[in-house]
Amino acid sequence: MRAVAIRTLSSGAPVILEANFHRDRSTTWLRDLARIADTRVVLCGAPEALCRERFTARGAAGLRHPVHLDRVILEQEWPSAQEFEIDLGSPTLKVDTTDGYVPTLDAVVQFIRAGT
């Protein structure tokens with residue numbers, strides 16, 4: 001993902017990266033990317049119990065590959081929400097996804113487009 005993002009940004013094209021970026025493992029290389037192009041960060045979240053419920057439901061529905069070891073994650077490795085709060089020194093918008101999007105999806109799009 002990193003190499004493709006660097007090449008794409010270096011060519012002048014925009015990039016959207018979506019993942020559960022862990023602060024300790026991702027901040028340094030994401031900051032390097034943020035130096036290449038105007039950057040916006042959107043952090044989505046909901047209460048932990050609801051996140052666990054959604055995670056479990058996706059697994060039960062067969063929407064996750066067995067290689068992900070969901071039971072181990074739920075029982076032993078469930079990270080705190082703070083682990084995903086990265087600071088790239090770029091404009092950041094927190095979005096509550098408890099029930100839809102707060103702020104609205106239109107507001108999220110406007111926030112992202114403000115950087116283009």
# chains A, B, ... in the order shown; residues from 1 in each chain; ligands from 1

$ residues_around --residues "Thr104 of chain A" --least-positions-apart "4" --cutoff "12 Å" --atoms "only C-alpha atoms" --output "VMD selection string"
chain A and resid 44 93 to 97 99 to 100 108 to 111

$ residues_around --residues "segment 83-85 of chain A" --least-positions-apart "4" --cutoff "8 Å" --atoms "only C-alpha atoms" --output "PyMOL selection string"
chain A and resi 20-24+43+79

$ residues_around --residues "segment 47-63 of chain A" --least-positions-apart "3" --cutoff "8 Å" --atoms "only C-alpha atoms" --output "list of chain:residue names"
A:Asp70, A:Leu74, A:Ala81, A:Thr98

$ select_by_dssp --residues "chain A" --states "alpha helix (DSSP H)" --output "compact mmCIF listing (two decimals) with C-alpha atoms, in the first residue's frame"
# COMPACT_ATOMS: atom_id res chain seq x y z
CA ARG A 2 2.77 2.43 0.92
CA ALA A 3 4.73 2.13 -2.32
CA VAL A 4 1.63 2.49 -4.47
CA ALA A 5 0.47 5.51 -2.47
CA ILE A 6 3.88 7.19 -2.79
CA ARG A 7 4.04 6.61 -6.55
CA THR A 8 0.46 7.78 -7.05
CA LEU A 9 0.88 10.93 -4.96
CA SER A 10 4.23 11.70 -6.56
CA ARG A 23 -1.00 4.79 15.68
CA ASP A 24 2.30 3.20 16.71
CA ARG A 25 2.82 1.27 13.47
CA SER A 26 1.46 3.76 10.94
CA THR A 27 2.00 7.35 12.02
CA THR A 28 5.57 7.71 10.75
CA TRP A 29 4.97 6.49 7.20
CA LEU A 30 1.61 8.26 6.97
CA ARG A 31 3.31 11.52 8.00
CA ASP A 32 5.82 10.95 5.20
CA LEU A 33 2.90 10.64 2.77
CA ALA A 34 1.27 13.76 4.19
CA ARG A 35 4.38 15.73 3.23
CA ILE A 36 3.86 14.80 -0.43
CA GLU A 48 -16.66 0.02 21.94
CA ALA A 49 -19.61 -2.27 22.63
CA LEU A 50 -21.20 -1.34 19.31
CA CYS A 51 -17.91 -1.84 17.45
CA ARG A 52 -17.58 -5.31 18.97
CA GLU A 53 -21.18 -6.09 18.05
CA ARG A 54 -20.64 -5.01 14.44
CA PHE A 55 -17.35 -6.93 14.22
CA THR A 56 -19.02 -10.09 15.54
CA ALA A 57 -21.99 -9.69 13.18
CA ARG A 58 -19.72 -9.38 10.12
CA GLY A 59 -17.96 -12.59 11.12
CA ALA A 60 -21.23 -14.43 11.74
CA ASP A 70 -11.75 -12.99 14.88
CA ARG A 71 -12.22 -14.98 18.09
CA VAL A 72 -8.62 -14.30 19.15
CA LEU A 105 -21.72 12.29 5.02
CA ASP A 106 -22.09 15.49 2.97
CA ALA A 107 -20.09 17.35 5.63
CA VAL A 108 -17.39 14.68 5.51
CA VAL A 109 -17.16 15.02 1.72
CA GLN A 110 -16.95 18.81 2.03
CA PHE A 111 -14.16 18.46 4.61
CA ILE A 112 -12.20 16.18 2.26
CA ARG A 113 -12.77 18.37 -0.79

$ select_by_dssp --residues "segment 31-63 of chain A" --states "strand (DSSP E or B)" --output "tab-separated table (two decimals) with N, CA and C atoms, in the first residue's frame"
chain	number	residue	atom	x	y	z
A	41	VAL	N	-7.56	13.84	7.29
A	41	VAL	CA	-7.74	12.60	8.04
A	41	VAL	C	-9.17	12.55	8.54
A	42	VAL	N	-9.83	11.44	8.29
A	42	VAL	CA	-11.18	11.21	8.79
A	42	VAL	C	-11.10	10.01	9.73
A	43	LEU	N	-11.41	10.23	11.00
A	43	LEU	CA	-11.40	9.17	12.01
A	43	LEU	C	-12.84	8.80	12.34
A	44	CYS	N	-13.22	7.58	12.01
A	44	CYS	CA	-14.58	7.11	12.29
A	44	CYS	C	-14.58	6.28	13.55
A	45	GLY	N	-15.63	6.42	14.34
A	45	GLY	CA	-15.69	5.65	15.57
A	45	GLY	C	-17.10	5.56	16.12

$ atom_distance --atom1 "atom CA of His68 of chain A" --atom2 "atom CA of Ile16 of chain A"
23.4 Å

$ closest_residue --among "A:Pro66, A:Arg40, A:Glu75, A:Ala114" --to "Thr92 of chain A" --atoms "only C-alpha atoms"
A:Arg40
